[in-house]
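J.: My questions all concern the structure below.
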Amino acid sequence: MALEAAHYYLQLAITHGTSTQAILLVVFLLLLIRLAWMRTSTQTKCRQQQLPPSPPGKLPIIGHLHLIGPQTHISIRDLDAKYGRNGLMLLRVGATPTLFVSSPSAAEAVLRTHDHIFASRPPSMAAEIIRYGPTDIAFAPYSEYWRQARKLLTTHMLSAKKVQTFSNGRLEEVRLVMDKIREAATTVPRKAVDLSELLSGYTNDVVCRAVLGPSHRKEGRNRLFSELTEINVALLGGFNFEDYFPRMAMADVLLRLVSVKAKRLNKRWNDLFDELIHEHIQSGEKDENSADFIDLLLTLKEEYGLTTDNVKAILVDMFEAGIETSYLTLEYGMAELINNRHVLKKLQNEVRMCTLEGKRLDMIREENLSSMPYLKATIKETLRLHPPAPFLLPHFSTADCNIDGYLIPSETRVLVNAWALGRDPSSWEKPEDFMPERFLQEAGAVDTQMKGKDLRFLPFGFGRRICPGMNFGFATMEVMLANLMYHFDWDIPNMAEGTGTGVDMAESFGLTLRRKQKLLLVPRIS
Ligand code: HEM
C-alpha cells in the first residue's frame with residue numbers, strides 16, 4: 001500500500017513538479033515506508049511475545065468472569081496460586097484484559113520499575129460524571145493536570161504540617177464519641193454500642209471539619225456528606241458491567257441508566273459545593289493555620305491552573321478516599337483486638353502508662369502518642385490483614401511493557417492484590433495471626449515507615465499513585481484508638497451470660513473490604 005502510494009506520488013511529482021520537489025517527495029515517502037515497516041515488525045514481534053499466563057476455560061463474551069467468585073480478592077489469590085507465574089496472571093474480564101499482580105516482585109515491576117507506564121487509571125463513565133471529567137486526583141488519568149492537582153494536595157492540604165493544624169478539631173470529635181460511649185457504659189444494665197456507626201460518623205466528621213471548617217454540622221451537612229459519599233461508593237465500587245463490556249448493546253442501556261444516576265448524584269454534590277464555596281468567599285481569607293480545604297483550594301486554584309469544577313472534583317476525593325478507609329481500619333482493628341485479648345491487654349497497658357505519673361488524663365492527646373509504638377504497630381498489623389482497598393485503585397497501562405519476558409499490552413487494566421500480598425506465607429511468619437509485634441522488629445525486613453521499600457505491605461499502594469492521605473489517615477486513627485483503649489474495657493454482647501463468642505470477621509467485597517456484621521460491643525469504664 002505504502003509502496004503503491006510512493007510510486008503514484010513520484011509519477012505525479014515527475015509529471016507536474018520540479019525535480020527538487022520530486023526528490024523531497026521521494027525522501028519523505030521513503031521515510032514513511034520505513035516507519036510503516038518498523039510498525040509492522042514491532043507488531044509482529046509483540047504478537048510473538050508471550051502474554052502472561054491465564055487460567056483455562058475462557059468463554060466467549062464473558063472471558064474468565066465465571067471463574068471469579070464474590071470474594072474477588074480470595075478467588076484471585078487462589079487462581080494465581082494455580083495458574084499465575086511470579087505473581088502475574090492475565091484474565092479477560094468481559095472484554096477487558098486485566099492483569100492481576102500477586103507477588104512483591106511483580107508489584108515492584110508494576111509500581112516501581114515501570115511505574116510511569118502503569119500510573120494511569122482506566123476510563124470509567126461514572127467517574128467521568130461524578131468527578132467532573134474526571135479531574136479529581138484518584139481517578140484522573142496520568143497527565144500534567146493530575147501532577148499539578150496532586151502537587152497542590154500534597155504540598156498544602158495533606159502535608160504533615162497541615163494535618164497537624166487539625167489536631168484540636170480531631171480531639172473534639174473524639175471527645176464527642178467518648179461521651180456517647182460513656183453514657184452507654186453507665187446505663188444499668190450496660191448497653192452495647194454500635195461501634196461501626198460511631199466510628200464511621202467520627203471519620204466522616206473529621207474529614208467534613210477539614211474540608212469546610214467548624215460549620216460542618218450546620219443544617220446536618222455532615223450527615224448529608226456521609227449520605228452522598230455512601231452513594232458514590234456504591235456507584236463506583238461495585239462491578240460496573242458497562243466498563244467491562246463497553247461494546248455490548250446491553251452496556252449501552254446500562255450506560256444510560258448509570259449516567260442518569262450519576263448525573264443526579266453529581267447535581268447534589270454540585271449544589272452543596274456551590275453553597276459552601278459561596279459562604280467561604282463571603283467569609284474572606286483566613287490565615288494558613290485556620291484555613292480549611294475549601295479555603296486553600298480557592299486561594300491556590302489559579303496558581304495551579306484549576307477551575308472551580310476541578311476544585312469540586314478534588315473535594316469529592318477527600319470524602320470518598322478519606323472517610324471509609326480510616327473507619328474500616330479502626331473497626332477491623334477493634335474487632336481483631338476483641339478476638340485477640342492478649343494484644344488488647346498489651347495495648348491498653350501501653351496507653352495507660354500515660355497515667356502512671358499520678359494524674360488521670362481527661363483525654364489522650366496527639367502529643368501523648370509519640371510514646372506508643374505498639375499502638376502504631378497495631379494499626380499497621382490491621383492494615384496488613386485488612387487493607388481497606390484490597391486491589392488498591394485500578395491502574396492502567398499507557399504503552400506496551402515487558403515484565404519477566406511477558407508482554408503487557410497497552411490499555412491493560414492492572415489490579416494489585418494488596419490483600420493477598422499481606423497474607424502470603426512466603427513473606428510473613430504465621431500470616432493469619434494478628435501479631436503487631438512483627439512491625440516492631442528493630443532491623444527487620446519490613447518497612448515500618450511504609451515509605452514502600454518493601455512491597456509485601458501495600459495498604460497505601462506505592463509509586464506515583466501512592467496514597468497522599470497517609471498522614472491524615474494515621475492522625476485520625478491513632479488518637480481515636482488510643483482513647484478507646486484508655487477510657488474503656490470492652491466485652492462482646494452476652495459475654496456475662498457466657499453465650500457470647502468472638503467477633504465475626506466475615507467480609508463483603510467491593511471497592512473497599514467491609515465487615516458483614518455491625519460491630520456491637522459493650523463498654524465498661526476502666
Ligand atoms: C487508612 C487510611 C487510608 C488507606 C488505607 C488508603 C489507601 C489508599 C490506596 C490503596 C490508594 C490507591 C493507591 C494506588 O492506586 O496505587 C489511595 C489513593 C488515594 N488516597 Fe488514600 N487511603 C487512606 C486514607 C486517605 C485519606 C485520609 C485521604 C484524604 C483525606 C486519602 C486520599 C487519597 C487520594 C486523593 C488518592 C488518589 C491518589 C492518586 O491517584 O494519585 N486517602 N489511598
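Identifiers in the C-alpha cells: chain A, B, ... in order shown; residue index from 1 per chain; ligand index from 1 in order shown.
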Select from stretch 80-208 of chain A everything DSSP, run on the backbone, classes as strand (DSSP E or B), then give the selection as JSON, numbers by chain.

T.: {"A": [85, 88, 89, 90, 91, 92, 93, 96, 97, 98, 99, 100, 101, 119, 120, 193, 194]}

J.: Do you have, as CSV, the list of residues of chain A lying at most 8 Å from ligand 1, each with its nearest atom pair and that distance in Å to one decimal, counting only C-alpha atoms and all ligand atoms and ordered by chain then number?

T.:
residue,atom,partner,partner_atom_place_in_ligand_line,distance
A:Leu111,CA,ligand 1,16 (O),7.7
A:Asp136,CA,ligand 1,35 (C),7.9
A:Ile137,CA,ligand 1,40 (O),5.2
A:Ala138,CA,ligand 1,40 (O),3.5
A:Phe139,CA,ligand 1,40 (O),6.1
A:Ala140,CA,ligand 1,40 (O),7.1
A:Trp146,CA,ligand 1,41 (O),7.5
A:Arg150,CA,ligand 1,41 (O),6.4
A:Leu153,CA,ligand 1,35 (C),7.8
A:Leu158,CA,ligand 1,30 (C),7.0
A:Val207,CA,ligand 1,30 (C),6.7
A:Ile314,CA,ligand 1,35 (C),7.5
A:Asp317,CA,ligand 1,35 (C),5.6
A:Met318,CA,ligand 1,30 (C),4.6
A:Phe319,CA,ligand 1,30 (C),6.9
A:Glu320,CA,ligand 1,32 (C),8.0
A:Ala321,CA,ligand 1,31 (C),4.5
A:Gly322,CA,ligand 1,26 (C),3.5
A:Ile323,CA,ligand 1,27 (C),6.5
A:Glu324,CA,ligand 1,2 (C),8.0
A:Thr325,CA,ligand 1,2 (C),4.5
A:Ser326,CA,ligand 1,1 (C),4.1
A:Tyr327,CA,ligand 1,1 (C),7.5
A:Leu328,CA,ligand 1,1 (C),7.7
A:Thr329,CA,ligand 1,1 (C),5.9
A:Leu383,CA,ligand 1,5 (C),6.8
A:Pro387,CA,ligand 1,5 (C),6.0
A:Pro388,CA,ligand 1,5 (C),5.5
A:Ala389,CA,ligand 1,10 (C),5.2
A:Pro390,CA,ligand 1,10 (C),7.5
A:Phe391,CA,ligand 1,10 (C),7.3
A:Leu392,CA,ligand 1,10 (C),3.9
A:Leu393,CA,ligand 1,15 (O),4.1
A:Pro394,CA,ligand 1,15 (O),6.1
A:His395,CA,ligand 1,15 (O),6.3
A:Leu458,CA,ligand 1,10 (C),7.3
A:Pro459,CA,ligand 1,5 (C),5.1
A:Phe460,CA,ligand 1,10 (C),4.0
A:Gly461,CA,ligand 1,16 (O),3.9
A:Phe462,CA,ligand 1,16 (O),5.6
A:Gly463,CA,ligand 1,16 (O),7.1
A:Arg464,CA,ligand 1,41 (O),6.7
A:Arg465,CA,ligand 1,41 (O),4.0
A:Ile466,CA,ligand 1,13 (C),4.6
A:Cys467,CA,ligand 1,18 (C),3.8
A:Pro468,CA,ligand 1,33 (C),5.3
A:Gly469,CA,ligand 1,28 (C),3.6
A:Met470,CA,ligand 1,24 (C),5.5
A:Asn471,CA,ligand 1,27 (C),7.4
A:Phe472,CA,ligand 1,27 (C),4.8
A:Gly473,CA,ligand 1,27 (C),4.1
A:Phe474,CA,ligand 1,1 (C),6.7
A:Thr476,CA,ligand 1,27 (C),7.8
A:Met477,CA,ligand 1,1 (C),7.7

J.: For A:Ile68, please output as a list in words all residues within 12 Å (counting only C-alpha atoms; exclusion window: fewer than 3 positions along the same chain).

T.: Pro55, Gly57, Lys58, Ile62, Gly63, His64, Leu65, Gln71, Thr72, His73, Ile74, Ser75, Ile76, Arg77, Asp78, Leu79, Asp80, Leu91, Arg92, Val93, Gly94 and Phe239 of chain A

J.: Could you pull the residues within 6 Å of stretch 401-414 of chain A, counting only C-alpha atoms, minus those fewer than 6 positions along the same chain, as an NGL selection string?

T.: :A and (49-52 or 97-99 or 394-395)

J.: What parts of stretch 105-322 of chain A does DSSP call helix (DSSP H, G or I)? I'd like the answer as a VMD selection string.

T.: chain A and resid 105 to 113 115 to 118 125 to 130 144 to 157 160 to 165 167 to 186 195 to 237 241 to 244 249 to 282 293 to 300 308 to 322

J.: Residues within 12 Å of A:Tyr202, please, as an MDAnalysis selection string. Count only C-alpha atoms; anything in the same chain fewer than 6 positions from it doesn't count.

T.: chainID A and resid 169:178 180 195:196 208:209 222:223 226 322:324 326:328 330:331 476:477 479:481

J.: Set the distance at 12 Å and use only C-alpha atoms: which residues neighbour stretch 184-190 of chain A once local chain neighbours fewer than 3 positions away are removed? I'd like the list as a ChimeraX atom specification.

T.: /A:177-181,193-195,487-496,520-526

J.: Pick out the residues sitting within 12 Å of stretch 275-288 of chain A, and hand them over as number ranges by chain; count only C-alpha atoms, and ignore anything fewer than 3 positions along from it in its own chain.

T.: A: 156-157, 161-163, 165-166, 208, 211-213, 215-216, 218, 221, 268-272, 291-300, 308-309, 311-312, 315

J.: Could those residues be written to a file, using N, CA and C atoms, as a compact mmCIF listing (two decimals), in the first residue's frame?

T.:
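So the final result, stored in result_0.txt, reads:
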# COMPACT_ATOMS: atom_id res chain seq x y z
N HIS A 156 -0.04 21.42 50.18
CA HIS A 156 -0.80 22.37 51.00
C HIS A 156 -1.90 21.75 51.85
N MET A 157 -2.48 20.64 51.39
CA MET A 157 -3.66 20.15 52.12
C MET A 157 -3.36 18.94 53.00
N LYS A 161 2.50 19.00 58.21
CA LYS A 161 2.30 20.27 58.93
C LYS A 161 0.82 20.68 58.92
N LYS A 162 0.19 20.56 57.76
CA LYS A 162 -1.22 20.96 57.68
C LYS A 162 -2.10 20.01 58.49
N VAL A 163 -1.80 18.71 58.40
CA VAL A 163 -2.60 17.72 59.15
C VAL A 163 -2.53 18.04 60.65
N THR A 165 -2.40 20.90 62.01
CA THR A 165 -3.26 22.04 62.38
C THR A 165 -4.70 21.60 62.69
N PHE A 166 -5.06 20.40 62.28
CA PHE A 166 -6.43 19.93 62.56
C PHE A 166 -6.53 19.16 63.88
N CYS A 208 -15.13 16.11 57.20
CA CYS A 208 -16.00 17.28 56.97
C CYS A 208 -15.40 18.53 57.58
N VAL A 211 -12.57 19.79 55.56
CA VAL A 211 -12.97 20.35 54.27
C VAL A 211 -13.64 21.70 54.44
N LEU A 212 -14.61 21.80 55.38
CA LEU A 212 -15.39 23.05 55.40
C LEU A 212 -15.34 23.81 56.71
N GLY A 213 -14.50 23.36 57.61
CA GLY A 213 -14.33 24.13 58.85
C GLY A 213 -15.35 23.77 59.90
N SER A 215 -18.10 24.76 60.74
CA SER A 215 -19.56 24.81 60.48
C SER A 215 -20.04 23.48 59.87
N HIS A 216 -19.26 22.42 60.03
CA HIS A 216 -19.60 21.18 59.31
C HIS A 216 -20.88 20.51 59.80
N LYS A 218 -23.59 22.36 60.65
CA LYS A 218 -24.71 23.27 60.37
C LYS A 218 -25.71 22.61 59.42
N ARG A 221 -25.13 19.15 57.66
CA ARG A 221 -24.29 18.96 56.47
C ARG A 221 -23.43 17.70 56.58
N ARG A 268 -26.37 16.88 43.15
CA ARG A 268 -26.48 17.09 44.61
C ARG A 268 -25.15 17.57 45.18
N TRP A 269 -24.05 16.92 44.77
CA TRP A 269 -22.72 17.38 45.21
C TRP A 269 -22.51 18.83 44.79
N ASN A 270 -22.86 19.09 43.52
CA ASN A 270 -22.57 20.39 42.94
C ASN A 270 -23.30 21.51 43.68
N ASP A 271 -24.59 21.28 43.98
CA ASP A 271 -25.37 22.31 44.69
C ASP A 271 -24.77 22.59 46.05
N LEU A 272 -24.38 21.51 46.74
CA LEU A 272 -23.81 21.67 48.07
C LEU A 272 -22.49 22.44 48.00
N ALA A 291 -7.07 27.88 57.83
CA ALA A 291 -7.71 27.62 56.52
C ALA A 291 -8.13 26.16 56.41
N ASP A 292 -9.38 25.96 55.94
CA ASP A 292 -9.81 24.59 55.68
C ASP A 292 -9.52 24.26 54.20
N PHE A 293 -9.90 23.04 53.76
CA PHE A 293 -9.55 22.64 52.39
C PHE A 293 -10.20 23.55 51.33
N ILE A 294 -11.45 23.97 51.60
CA ILE A 294 -12.10 24.83 50.59
C ILE A 294 -11.35 26.15 50.50
N ASP A 295 -10.98 26.73 51.66
CA ASP A 295 -10.20 27.98 51.64
C ASP A 295 -8.93 27.81 50.81
N LEU A 296 -8.21 26.72 51.10
CA LEU A 296 -6.92 26.50 50.43
C LEU A 296 -7.10 26.37 48.92
N LEU A 297 -8.10 25.58 48.53
CA LEU A 297 -8.30 25.36 47.10
C LEU A 297 -8.70 26.66 46.38
N LEU A 298 -9.54 27.46 47.05
CA LEU A 298 -9.96 28.71 46.41
C LEU A 298 -8.78 29.67 46.29
N THR A 299 -7.92 29.68 47.30
CA THR A 299 -6.77 30.59 47.26
C THR A 299 -5.75 30.15 46.20
N LEU A 300 -5.59 28.84 46.05
CA LEU A 300 -4.47 28.35 45.22
C LEU A 300 -4.88 27.94 43.81
N THR A 308 -13.11 25.99 38.94
CA THR A 308 -13.96 25.71 40.10
C THR A 308 -14.45 24.25 40.06
N ASP A 309 -14.73 23.74 38.86
CA ASP A 309 -15.15 22.33 38.76
C ASP A 309 -14.03 21.40 39.23
N VAL A 311 -11.84 22.07 41.46
CA VAL A 311 -11.84 22.18 42.93
C VAL A 311 -12.89 21.24 43.52
N LYS A 312 -14.07 21.24 42.91
CA LYS A 312 -15.16 20.38 43.42
C LYS A 312 -14.77 18.90 43.27
N LEU A 315 -12.51 17.92 45.99
CA LEU A 315 -13.23 17.81 47.27
C LEU A 315 -13.97 16.47 47.36
